[in-house]
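Peer 1: For reference, the file entry.tsv (TSV, C-alpha atoms and all ligand atoms) is included below:
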chain	number	residue	atom	x	y	z
A	1	MET	CA	55.25	49.66	-31.98
A	2	LYS	CA	56.72	49.57	-28.52
A	3	GLU	CA	53.33	50.37	-27.02
A	4	ILE	CA	51.73	47.48	-28.90
A	5	GLU	CA	54.36	45.14	-27.47
A	6	GLU	CA	53.75	46.44	-23.94
A	7	ILE	CA	49.99	46.12	-24.19
A	8	LYS	CA	50.35	42.62	-25.53
A	9	LYS	CA	52.67	41.73	-22.66
A	10	GLU	CA	50.22	43.15	-20.11
A	11	PHE	CA	47.40	41.25	-21.76
A	12	GLU	CA	49.30	37.93	-21.68
A	13	GLU	CA	49.70	38.42	-17.96
A	14	LYS	CA	46.10	39.38	-17.23
A	15	ILE	CA	44.52	36.67	-19.38
A	16	LYS	CA	45.82	34.07	-16.91
A	17	THR	CA	42.97	34.97	-14.55
A	18	LYS	CA	41.01	32.04	-13.15
A	19	SER	CA	37.66	33.74	-12.72
A	20	ILE	CA	35.04	34.61	-15.32
A	21	GLU	CA	34.23	37.79	-13.46
A	22	GLU	CA	37.88	38.87	-13.62
A	23	LEU	CA	38.01	38.02	-17.32
A	24	LYS	CA	35.11	40.41	-18.01
A	25	LYS	CA	37.16	43.17	-16.39
A	26	VAL	CA	40.15	42.25	-18.56
A	27	GLU	CA	37.92	42.50	-21.63
A	28	THR	CA	36.76	45.99	-20.67
A	29	HIS	CA	40.29	47.00	-19.80
A	30	PHE	CA	41.54	46.22	-23.31
A	31	LEU	CA	38.55	46.32	-25.63
A	32	GLY	CA	36.15	48.68	-23.85
A	33	ARG	CA	35.24	52.09	-25.26
A	34	LYS	CA	38.11	53.60	-23.32
A	35	GLY	CA	40.14	50.38	-23.37
A	36	LYS	CA	43.85	50.16	-24.09
A	37	VAL	CA	43.55	48.66	-27.57
A	38	VAL	CA	40.95	51.18	-28.63
A	39	ASP	CA	43.16	53.94	-27.29
A	40	LEU	CA	45.94	52.77	-29.61
A	41	PHE	CA	43.89	53.73	-32.67
A	42	LYS	CA	43.90	57.31	-31.40
A	43	THR	CA	47.74	57.36	-31.63
A	44	LEU	CA	47.54	56.65	-35.38
A	45	LYS	CA	47.10	60.31	-36.17
A	46	ASN	CA	50.61	60.95	-34.78
A	47	ALA	CA	52.17	58.37	-37.10
A	48	THR	CA	53.78	59.24	-40.37
A	49	GLU	CA	51.88	58.64	-43.63
A	50	GLU	CA	53.91	55.56	-44.69
A	51	ASN	CA	53.84	53.97	-41.18
A	52	ARG	CA	50.15	54.54	-40.61
A	53	LYS	CA	48.96	51.62	-42.69
A	54	ASN	CA	51.48	49.22	-41.17
A	55	ILE	CA	50.77	50.27	-37.59
A	56	GLY	CA	47.02	50.24	-38.20
A	57	GLN	CA	47.35	46.67	-39.43
A	58	GLN	CA	49.28	45.69	-36.31
A	59	ILE	CA	46.75	47.29	-33.98
A	60	ASN	CA	43.99	45.45	-35.82
A	61	ASP	CA	45.90	42.21	-35.46
A	62	LEU	CA	46.34	42.87	-31.76
A	63	LYS	CA	42.64	43.60	-31.44
A	64	SER	CA	41.65	40.33	-33.14
A	65	TYR	CA	44.20	38.43	-31.07
A	66	VAL	CA	42.85	39.90	-27.83
A	67	GLU	CA	39.25	39.18	-28.85
A	68	GLU	CA	39.94	35.58	-29.83
A	69	THR	CA	42.08	34.86	-26.79
A	70	ILE	CA	39.48	36.26	-24.44
A	71	SER	CA	36.69	34.23	-26.02
A	72	LYS	CA	38.85	31.08	-25.90
A	73	ARG	CA	39.72	31.70	-22.27
A	74	LEU	CA	36.06	32.31	-21.46
A	75	LYS	CA	35.14	28.91	-22.86
A	76	GLU	CA	37.90	27.27	-20.83
A	77	LEU	CA	36.77	28.95	-17.63
A	78	GLU	CA	33.13	28.04	-18.27
A	79	GLU	CA	34.14	24.42	-18.73
A	80	ILE	CA	36.05	24.46	-15.43
A	81	GLU	CA	33.06	25.98	-13.62
A	82	LYS	CA	30.76	23.33	-15.05
A	83	ASN	CA	33.06	20.51	-13.96
A	84	LYS	CA	33.29	21.98	-10.48
A	85	LEU	CA	29.49	22.04	-10.28
A	86	LEU	CA	29.21	18.46	-11.49
A	87	ALA	CA	31.83	17.31	-8.99
A	88	ASN	CA	29.76	18.85	-6.20
A	89	GLU	CA	26.62	17.13	-7.37
A	90	ARG	CA	28.18	13.72	-7.81
A	91	ILE	CA	26.29	10.95	-6.00
A	92	ASP	CA	28.35	8.39	-4.14
A	93	ILE	CA	26.37	5.22	-4.67
A	94	THR	CA	28.54	3.35	-2.20
A	95	LEU	CA	27.25	5.46	0.73
A	96	PRO	CA	24.78	3.62	2.99
A	97	GLY	CA	21.17	4.68	2.36
A	98	ILE	CA	18.87	6.45	4.82
A	99	ARG	CA	16.42	3.98	6.33
A	100	LEU	CA	12.82	5.07	5.89
A	101	GLU	CA	10.53	4.42	8.84
A	102	THR	CA	7.49	2.48	7.72
A	103	GLY	CA	4.29	1.82	9.61
A	104	GLY	CA	2.83	-1.60	10.19
A	105	LEU	CA	-0.36	-3.29	11.27
A	106	HIS	CA	-0.96	-3.49	15.02
A	107	ILE	CA	-0.43	-7.00	16.32
A	108	LEU	CA	-4.13	-7.25	17.26
A	109	SER	CA	-5.20	-6.24	13.74
A	110	LYS	CA	-2.86	-8.90	12.40
A	111	VAL	CA	-4.25	-11.60	14.67
A	112	MET	CA	-7.84	-10.63	13.83
A	113	LYS	CA	-6.95	-10.88	10.14
A	114	GLU	CA	-5.46	-14.35	10.78
A	115	VAL	CA	-8.60	-15.44	12.64
A	116	GLU	CA	-10.83	-14.11	9.86
A	117	ASP	CA	-8.80	-15.84	7.15
A	118	ILE	CA	-9.06	-19.19	8.92
A	119	PHE	CA	-12.84	-18.93	9.34
A	120	LEU	CA	-13.31	-17.60	5.81
A	121	SER	CA	-11.47	-20.70	4.56
A	122	MET	CA	-13.97	-22.79	6.55
A	123	GLY	CA	-16.94	-21.13	4.83
A	124	PHE	CA	-17.81	-18.52	7.47
A	125	ASP	CA	-18.76	-14.90	6.76
A	126	VAL	CA	-17.38	-12.04	8.85
A	127	MET	CA	-19.95	-9.71	10.42
A	128	THR	CA	-19.53	-6.47	12.35
A	129	GLY	CA	-21.85	-4.34	14.47
A	130	PRO	CA	-22.02	-1.15	16.52
A	131	GLU	CA	-19.90	-0.74	19.65
A	132	ILE	CA	-22.63	1.39	21.24
A	133	GLU	CA	-25.50	-0.99	21.83
A	134	SER	CA	-28.91	-1.11	23.38
A	135	ASP	CA	-29.63	-3.15	26.48
A	136	TYR	CA	-31.91	-5.30	24.33
A	137	TYR	CA	-29.21	-6.52	21.92
A	138	ASN	CA	-26.46	-6.80	24.49
A	139	PHE	CA	-28.52	-8.58	27.17
A	140	GLU	CA	-32.23	-9.15	26.79
A	141	ALA	CA	-32.28	-10.84	23.39
A	142	LEU	CA	-29.45	-13.05	24.61
A	143	ASN	CA	-31.61	-14.48	27.36
A	144	ILE	CA	-30.25	-12.14	30.03
A	145	PRO	CA	-33.32	-10.23	31.29
A	146	GLU	CA	-33.09	-7.35	33.75
A	147	PHE	CA	-32.16	-8.42	37.29
A	148	HIS	CA	-30.78	-11.66	35.88
A	149	PRO	CA	-27.76	-12.53	38.05
A	150	ALA	CA	-25.67	-13.07	34.89
A	151	ARG	CA	-25.58	-9.29	34.41
A	152	ASP	CA	-23.26	-9.13	37.40
A	153	MET	CA	-20.80	-11.31	35.48
A	154	GLN	CA	-20.24	-8.40	33.13
A	155	ASP	CA	-19.65	-4.97	34.59
A	156	THR	CA	-21.04	-2.64	32.00
A	157	PHE	CA	-20.27	0.91	30.91
A	158	TYR	CA	-23.67	2.61	30.55
A	159	LEU	CA	-23.87	5.74	28.39
A	160	ALA	CA	-27.54	6.39	29.14
A	161	LYS	CA	-30.49	4.38	30.40
A	162	LYS	CA	-30.49	1.13	28.37
A	163	ILE	CA	-27.66	2.41	26.13
A	164	LEU	CA	-24.23	0.90	26.74
A	165	LEU	CA	-20.83	-0.02	25.31
A	166	ARG	CA	-21.22	-3.62	24.22
A	167	THR	CA	-19.70	-6.06	26.70
A	168	GLN	CA	-19.44	-8.81	24.11
A	169	THR	CA	-19.73	-9.29	20.34
A	170	SER	CA	-22.87	-11.41	20.85
A	171	PRO	CA	-25.30	-8.59	19.91
A	172	ILE	CA	-23.99	-9.09	16.36
A	173	GLN	CA	-25.39	-12.62	16.51
A	174	ILE	CA	-28.86	-11.26	17.24
A	175	ARG	CA	-28.59	-8.60	14.53
A	176	THR	CA	-27.48	-11.24	12.03
A	177	MET	CA	-30.28	-13.66	12.90
A	178	GLU	CA	-32.83	-10.84	12.61
A	179	LYS	CA	-31.57	-9.99	9.15
A	180	TYR	CA	-30.78	-13.36	7.56
A	181	LYS	CA	-32.62	-16.68	7.43
A	182	PRO	CA	-30.75	-19.86	8.36
A	183	PRO	CA	-28.47	-21.49	7.39
A	184	ILE	CA	-26.19	-18.98	9.10
A	185	ARG	CA	-22.45	-19.41	9.47
A	186	ILE	CA	-20.69	-16.29	10.69
A	187	ILE	CA	-18.00	-14.95	12.93
A	188	ALA	CA	-18.33	-11.57	14.63
A	189	ILE	CA	-15.11	-9.91	15.59
A	190	GLY	CA	-14.48	-6.59	17.32
A	191	ARG	CA	-13.88	-4.40	20.33
A	192	CYS	CA	-15.76	-4.85	23.60
A	193	TYR	CA	-15.82	-2.94	26.88
A	194	ARG	CA	-16.14	-3.99	30.50
A	195	ARG	CA	-15.56	-2.21	33.79
A	196	ASP	CA	-12.74	-4.55	34.72
A	197	ALA	CA	-9.91	-3.56	37.03
A	198	ILE	CA	-6.77	-3.42	34.91
A	199	ASP	CA	-4.15	-6.08	35.49
A	200	SER	CA	-1.89	-8.27	33.37
A	201	SER	CA	-4.83	-10.24	32.00
A	202	HIS	CA	-7.76	-7.77	32.27
A	203	SER	CA	-8.37	-4.63	30.25
A	204	PRO	CA	-11.53	-2.49	30.05
A	205	ILE	CA	-11.08	-2.54	26.26
A	206	PHE	CA	-10.60	-5.91	24.61
A	207	HIS	CA	-11.54	-7.83	21.49
A	208	GLN	CA	-13.71	-10.87	21.00
A	209	VAL	CA	-14.25	-13.28	18.17
A	210	GLU	CA	-17.56	-15.07	18.23
A	211	GLY	CA	-18.83	-17.79	16.00
A	212	LEU	CA	-22.44	-18.63	15.25
A	213	VAL	CA	-23.79	-21.48	13.16
A	214	ILE	CA	-27.55	-22.04	12.73
A	215	ASP	CA	-28.80	-24.88	10.58
A	216	LYS	CA	-30.83	-28.08	10.68
A	217	ASN	CA	-29.09	-30.97	12.43
A	218	VAL	CA	-26.35	-28.88	14.07
A	219	SER	CA	-24.99	-30.74	17.08
A	220	PHE	CA	-22.43	-30.28	19.81
A	221	SER	CA	-20.01	-32.35	17.75
A	222	SER	CA	-20.24	-29.70	14.98
A	223	LEU	CA	-19.08	-27.14	17.56
A	224	LYS	CA	-16.26	-29.41	18.68
A	225	GLY	CA	-15.12	-30.07	15.11
A	226	THR	CA	-15.20	-26.38	14.18
A	227	LEU	CA	-13.23	-25.19	17.20
A	228	LEU	CA	-10.70	-28.01	16.88
A	229	GLU	CA	-10.14	-27.15	13.21
A	230	PHE	CA	-9.64	-23.46	14.07
A	231	THR	CA	-7.33	-24.32	16.98
A	232	LYS	CA	-5.12	-26.53	14.82
A	233	LYS	CA	-4.85	-23.88	12.12
A	234	MET	CA	-4.12	-21.12	14.62
A	235	PHE	CA	-1.81	-22.86	17.09
A	236	GLY	CA	-0.52	-25.93	15.25
A	237	GLU	CA	-1.67	-29.43	14.23
A	238	GLU	CA	-0.76	-31.05	17.56
A	239	THR	CA	-2.92	-28.70	19.68
A	240	LYS	CA	-5.78	-30.38	21.57
A	241	ILE	CA	-9.06	-28.90	22.74
A	242	ARG	CA	-11.01	-29.52	25.95
A	243	PHE	CA	-14.64	-28.80	26.82
A	244	SER	CA	-15.83	-28.61	30.40
A	245	PRO	CA	-19.43	-27.91	31.52
A	246	SER	CA	-20.14	-24.28	32.28
A	247	TYR	CA	-22.99	-21.80	32.44
A	248	PHE	CA	-23.71	-18.96	30.01
A	249	PRO	CA	-27.33	-17.72	29.77
A	250	PHE	CA	-27.42	-17.73	25.96
A	251	VAL	CA	-26.35	-21.36	25.49
A	252	GLU	CA	-27.63	-24.72	26.72
A	253	PRO	CA	-25.62	-26.81	27.27
A	254	GLY	CA	-22.70	-24.46	27.77
A	255	ALA	CA	-19.03	-25.29	27.94
A	256	GLU	CA	-15.81	-23.60	28.87
A	257	THR	CA	-13.20	-24.28	26.18
A	258	ALA	CA	-9.48	-24.72	26.70
A	259	ILE	CA	-6.60	-25.68	24.44
A	260	SER	CA	-3.56	-27.73	25.36
A	261	CYS	CA	-0.73	-25.40	26.40
A	262	VAL	CA	1.23	-24.48	23.27
A	263	ILE	CA	4.26	-23.52	25.33
A	264	CYS	CA	4.84	-26.67	27.41
A	265	LYS	CA	2.78	-28.95	25.13
A	266	GLY	CA	0.65	-29.98	28.10
A	267	LYS	CA	3.47	-30.82	30.52
A	268	GLY	CA	2.72	-27.83	32.74
A	269	CYS	CA	4.43	-24.44	32.88
A	270	ARG	CA	4.07	-20.97	34.39
A	271	VAL	CA	1.79	-19.75	31.54
A	272	CYS	CA	-0.75	-22.58	31.97
A	273	LYS	CA	-0.31	-22.41	35.75
A	274	TYR	CA	1.00	-26.00	35.60
A	275	THR	CA	-2.34	-27.38	34.40
A	276	GLY	CA	-1.27	-28.07	30.82
A	277	TRP	CA	-4.39	-26.23	29.57
A	278	LEU	CA	-5.15	-22.65	28.56
A	279	GLU	CA	-8.73	-21.38	28.93
A	280	MET	CA	-9.96	-19.63	25.81
A	281	GLY	CA	-13.63	-18.74	26.36
A	282	GLY	CA	-17.18	-19.95	26.35
A	283	SER	CA	-19.19	-22.01	23.91
A	284	GLY	CA	-22.33	-24.06	23.66
A	285	MET	CA	-25.57	-24.79	21.83
A	286	VAL	CA	-27.65	-21.66	21.22
A	287	HIS	CA	-30.41	-21.43	23.87
A	288	PRO	CA	-33.92	-22.02	22.43
A	289	ASN	CA	-35.03	-18.72	24.02
A	290	VAL	CA	-32.45	-16.84	21.93
A	291	LEU	CA	-33.74	-18.49	18.74
A	292	LYS	CA	-37.33	-17.64	19.72
A	293	ASN	CA	-36.32	-13.98	20.24
A	294	VAL	CA	-35.34	-13.75	16.57
A	295	ASN	CA	-38.26	-15.83	15.27
A	296	ILE	CA	-36.27	-18.96	14.46
A	297	ASP	CA	-38.11	-22.16	15.36
A	298	PRO	CA	-35.92	-24.12	17.82
A	299	GLU	CA	-37.78	-27.30	16.86
A	300	GLU	CA	-36.57	-26.94	13.29
A	301	TYR	CA	-33.19	-25.28	13.73
A	302	GLN	CA	-30.32	-25.64	16.15
A	303	GLY	CA	-27.13	-23.72	16.46
A	304	PHE	CA	-23.86	-23.45	18.27
A	305	ALA	CA	-21.92	-20.40	19.32
A	306	PHE	CA	-18.57	-19.65	20.86
A	307	GLY	CA	-16.71	-16.54	21.99
A	308	TRP	CA	-12.96	-16.32	22.44
A	309	GLY	CA	-10.75	-13.40	23.39
A	310	VAL	CA	-8.57	-12.04	20.60
A	311	GLU	CA	-5.95	-10.72	23.06
A	312	ARG	CA	-5.81	-14.17	24.64
A	313	ILE	CA	-5.21	-15.76	21.23
A	314	ALA	CA	-2.48	-13.20	20.42
A	315	MET	CA	-0.80	-13.54	23.83
A	316	ILE	CA	-0.60	-17.32	23.55
A	317	LYS	CA	0.45	-17.40	19.91
A	318	TYR	CA	3.13	-14.70	20.19
A	319	GLY	CA	4.19	-15.17	23.82
A	320	ILE	CA	2.99	-11.74	25.00
A	321	PRO	CA	3.01	-11.75	28.81
A	322	ASP	CA	0.79	-8.75	29.63
A	323	ILE	CA	-2.51	-7.58	28.08
A	324	ARG	CA	-1.65	-3.94	28.86
A	325	MET	CA	1.10	-4.00	26.22
A	326	PHE	CA	-1.48	-3.93	23.41
A	327	LEU	CA	-2.66	-0.43	24.28
A	328	GLN	CA	0.54	1.19	25.52
A	329	ASN	CA	1.73	2.15	22.03
A	330	ASP	CA	5.32	1.35	22.94
A	331	LEU	CA	7.20	1.12	19.64
A	332	ARG	CA	9.72	-1.31	21.15
A	333	PHE	CA	6.79	-3.70	21.56
A	334	LEU	CA	4.87	-2.90	18.37
A	335	GLU	CA	7.89	-3.03	16.06
A	336	GLN	CA	8.52	-6.66	16.96
A	337	PHE	CA	5.40	-7.64	15.03
A	338	LYS	CA	5.89	-5.45	11.95
A	401	ZN	ZN	2.05	-24.75	29.79
Take the structure I supplied and represent it as structure tokens, if you would.
Ligand SMILES: [Zn+2]

Peer 2:
Amino acid sequence: MKEIEEIKKEFEEKIKTKSIEELKKVETHFLGRKGKVVDLFKTLKNATEENRKNIGQQINDLKSYVEETISKRLKELEEIEKNKLLANERIDITLPGIRLETGGLHILSKVMKEVEDIFLSMGFDVMTGPEIESDYYNFEALNIPEFHPARDMQDTFYLAKKILLRTQTSPIQIRTMEKYKPPIRIIAIGRCYRRDAIDSSHSPIFHQVEGLVIDKNVSFSSLKGTLLEFTKKMFGEETKIRFSPSYFPFVEPGAETAISCVICKGKGCRVCKYTGWLEMGGSGMVHPNVLKNVNIDPEEYQGFAFGWGVERIAMIKYGIPDIRMFLQNDLRFLEQFK
């Protein structure tokens, strides 16, 4: 009887353990094959006949008590473990989030999309063409034969004899007129290459947007109206447009186009070199020779064409001071236009 009391006392002490692992050891210690409670049964044979039943009962009670208490304690400890785990995994929704870096369109892609959208809204189609061109499409078909002085106006990257990187998007005009019958109303937009020395306004890689309209009764005033409409949509309602006589081999008459300075509104500033005007590119009525080259009768059809620089448009619209910034891939620059 005294032994039972002692074992119980020892058990009460050991059951206070806080770890499941420790509890398993306690279980073995008391209930294992050589455990203390099991050992007690072996002492029964020393007991007297009349005590045996009573003591046996008490050992059994002790055994059940130990079993139940251990299983209860196990549940408690498991619960504690679970709560600890949950506490570790708790999400603090008040913590600031981690900002994900997202990409964006390059400012030139954005401007080209803007230009396209404006001309699409005016009923134009958008055409593209190869950047590697033949001498024929880039020059000859555009009324610039070999040894024509106008070839000096455009320093060309030649890849092979008569194969070059297009110096303008105009070859797309020829390809379009070869493929489709008038009326034609397209813009061609894309990358061009010239052997220019690099400075703040010249880059050997640049982008052009060209327009071409071929129809009956197309006049210079159609060209004026179209470019003015585009200018207003791109730079604002109050923007004016100016044509001044100029020479380009593929147009006759030809005109240099300028818009009123969007920064100083024509008063004169550093950007417009105090002239109040910003030069945008060439334009004019399509030369009859060009129409003849693609089997369009110049007596029946007329057309106008223009070619503006995309970088120029972007620089003026977004106040970008240097053309080199477009290709430097400096995130501090690019992220401003995301
Ligand atoms: Zn100005």

Peer 1: Could you list, as a PyMOL selection string, all residues that come within 10 Å of ligand ZN 401 (chain A)? Count only C-alpha atoms and all ligand atoms.

Peer 2: chain A and resi 260-278

Peer 1: Would you list the contacts of range 206-209 of chain A as a PyMOL selection string, taking every protein, DNA or RNA residue within 9 Å and counting all atoms listed in the file, but skipping same-chain residues closer than 4 positions in sequence?

Peer 2: chain A and resi 108+112+115+168-169+187-194+202+306-311+323

Peer 1: With all atoms listed in the file as the counted atoms, please give the residues lying no more than 9 Å from Tyr301 in chain A, apart from itself and same-chain residues fewer than 2 positions off, as a list in words.

Peer 2: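 Near neighbours after the sequence-gap exclusion: Pro182, Pro183, Ile214, Asp215, Lys216, Asn217, Val218, Leu291, Ile296, Asp297, Pro298, Glu299 and Gly303 of chain A.
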
Peer 1: Hey, can I get the axis-aligned box for range 218-235 of chain A? All listed atoms, 6 Å padding on each side, centre and edge lengths in Å to one decimal, as JSON.

Peer 2:
{"center_x": -14.1, "center_y": -26.7, "center_z": 16.0, "size_x": 36.5, "size_y": 23.2, "size_z": 19.7}

Peer 1: Show me, as a list in words, the residues that have an atom within 10 Å of range 123-127 of chain A when counting all atoms listed in the file, minus same-chain residues fewer than 4 positions from it.

Peer 2: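 Final neighbour list, sorted by chain and number: Glu116, Asp117, Ile118, Phe119, Thr169, Ile172, Gln173, Arg175, Thr176, Ile184, Arg185, Ile186, Ile187, Ala188, Ile189, Gly190, Val209, Glu210, Gly211, Leu212 and Val213 of chain A.
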
Peer 1: Mind pulling up the distance from CA of Val37 in chain A to CA of Ile7 in chain A?

Peer 2: 7.7 Å

Peer 1: Please identify all polymer residues within 9 Å of Pro321 in chain A, counting only C-alpha atoms, omitting same-chain residues fewer than 5 positions from it, and present them as a ChimeraX atom specification.

Peer 2: /A:200-201,271,315-316

Peer 1: Write out as a short mmCIF file (atom, residue, chain, number, x, y, z; two decimals) with C-alpha atoms, keeping the file's coordinate frame the residues lying within 7 Å of range 222-232 of chain A, counting all atoms listed in the file and excluding same-chain residues fewer than 6 positions away.

Peer 2:
data_model
loop_
_atom_site.label_atom_id
_atom_site.label_comp_id
_atom_site.auth_asym_id
_atom_site.auth_seq_id
_atom_site.Cartn_x
_atom_site.Cartn_y
_atom_site.Cartn_z
CA ILE A 118 -9.06 -19.19 8.92
CA GLU A 238 -0.76 -31.05 17.56
CA THR A 239 -2.92 -28.70 19.68
CA ILE A 241 -9.06 -28.90 22.74
CA PHE A 304 -23.86 -23.45 18.27
#

Peer 1: Point out the residue among A:Ile107, A:Ala255, A:Leu164, A:Ile93 with the least atom-to-atom distance to Glu133 in chain A, counting all atoms listed in the file.

Peer 2: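 Answer, going by the shortest atom-to-atom distance: A:Leu164.
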
Peer 1: Quote the spacing between CA of Glu3 in chain A and CA of Ser19 in chain A in Å to one decimal place.

Peer 2: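 CA of Glu3 in chain A sits 27.0 Å away from CA of Ser19 in chain A.
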
Peer 1: Using Å and a single decimal, report how far CA of Ile144 in chain A sits from CA of Ser246 in chain A.

Peer 2: 16.0 Å

Peer 1: Which of these, A:Gly284, A:Ile15, A:Ile91, A:Arg242, has the shortest distance to Lys72 in chain A once you count only C-alpha atoms?

Peer 2: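 The answer is A:Ile15, which sits nearest to Lys72 in chain A.
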
Peer 1: Given all atoms listed in the file as the basis, pick out the residue of A:Glu12, A:Glu68, A:Glu131, A:Glu146 nearest to Leu165 in chain A.

Peer 2: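 Among the listed residues, A:Glu131 lies closest to Leu165 in chain A.
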
Peer 1: Tell me which of A:Pro96, A:Ile198, A:Glu79, A:Lys9 sits closest to Asp322 in chain A, counting all atoms listed in the file.

Peer 2: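 Result for the nearest residue to Asp322 in chain A: A:Ile198.
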
Peer 1: Could you give me, as a PyMOL selection string, the residues that have an atom at most 12 Å away from the point (-29.3, -9.2, 26.0) in the coordinates of the file, using all atoms listed in the file?

Peer 2: chain A and resi 133-148+150-151+154+162-164+166-175+248-250+289-290+293

Peer 1: Under the rule that all atoms listed in the file are counted, which of A:Glu335, A:Arg73, A:Pro204, A:Ile59 is the nearest residue to Lys14 in chain A?

Peer 2: A:Arg73

Peer 1: Smallest atom-to-atom distance to Glu13 in chain A: which of A:Val294, A:Ala305, A:Val26, A:Leu327, using all atoms listed in the file?

Peer 2: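 Nearest candidate to Glu13 in chain A out of A:Val294, A:Ala305, A:Val26, A:Leu327: A:Val26.
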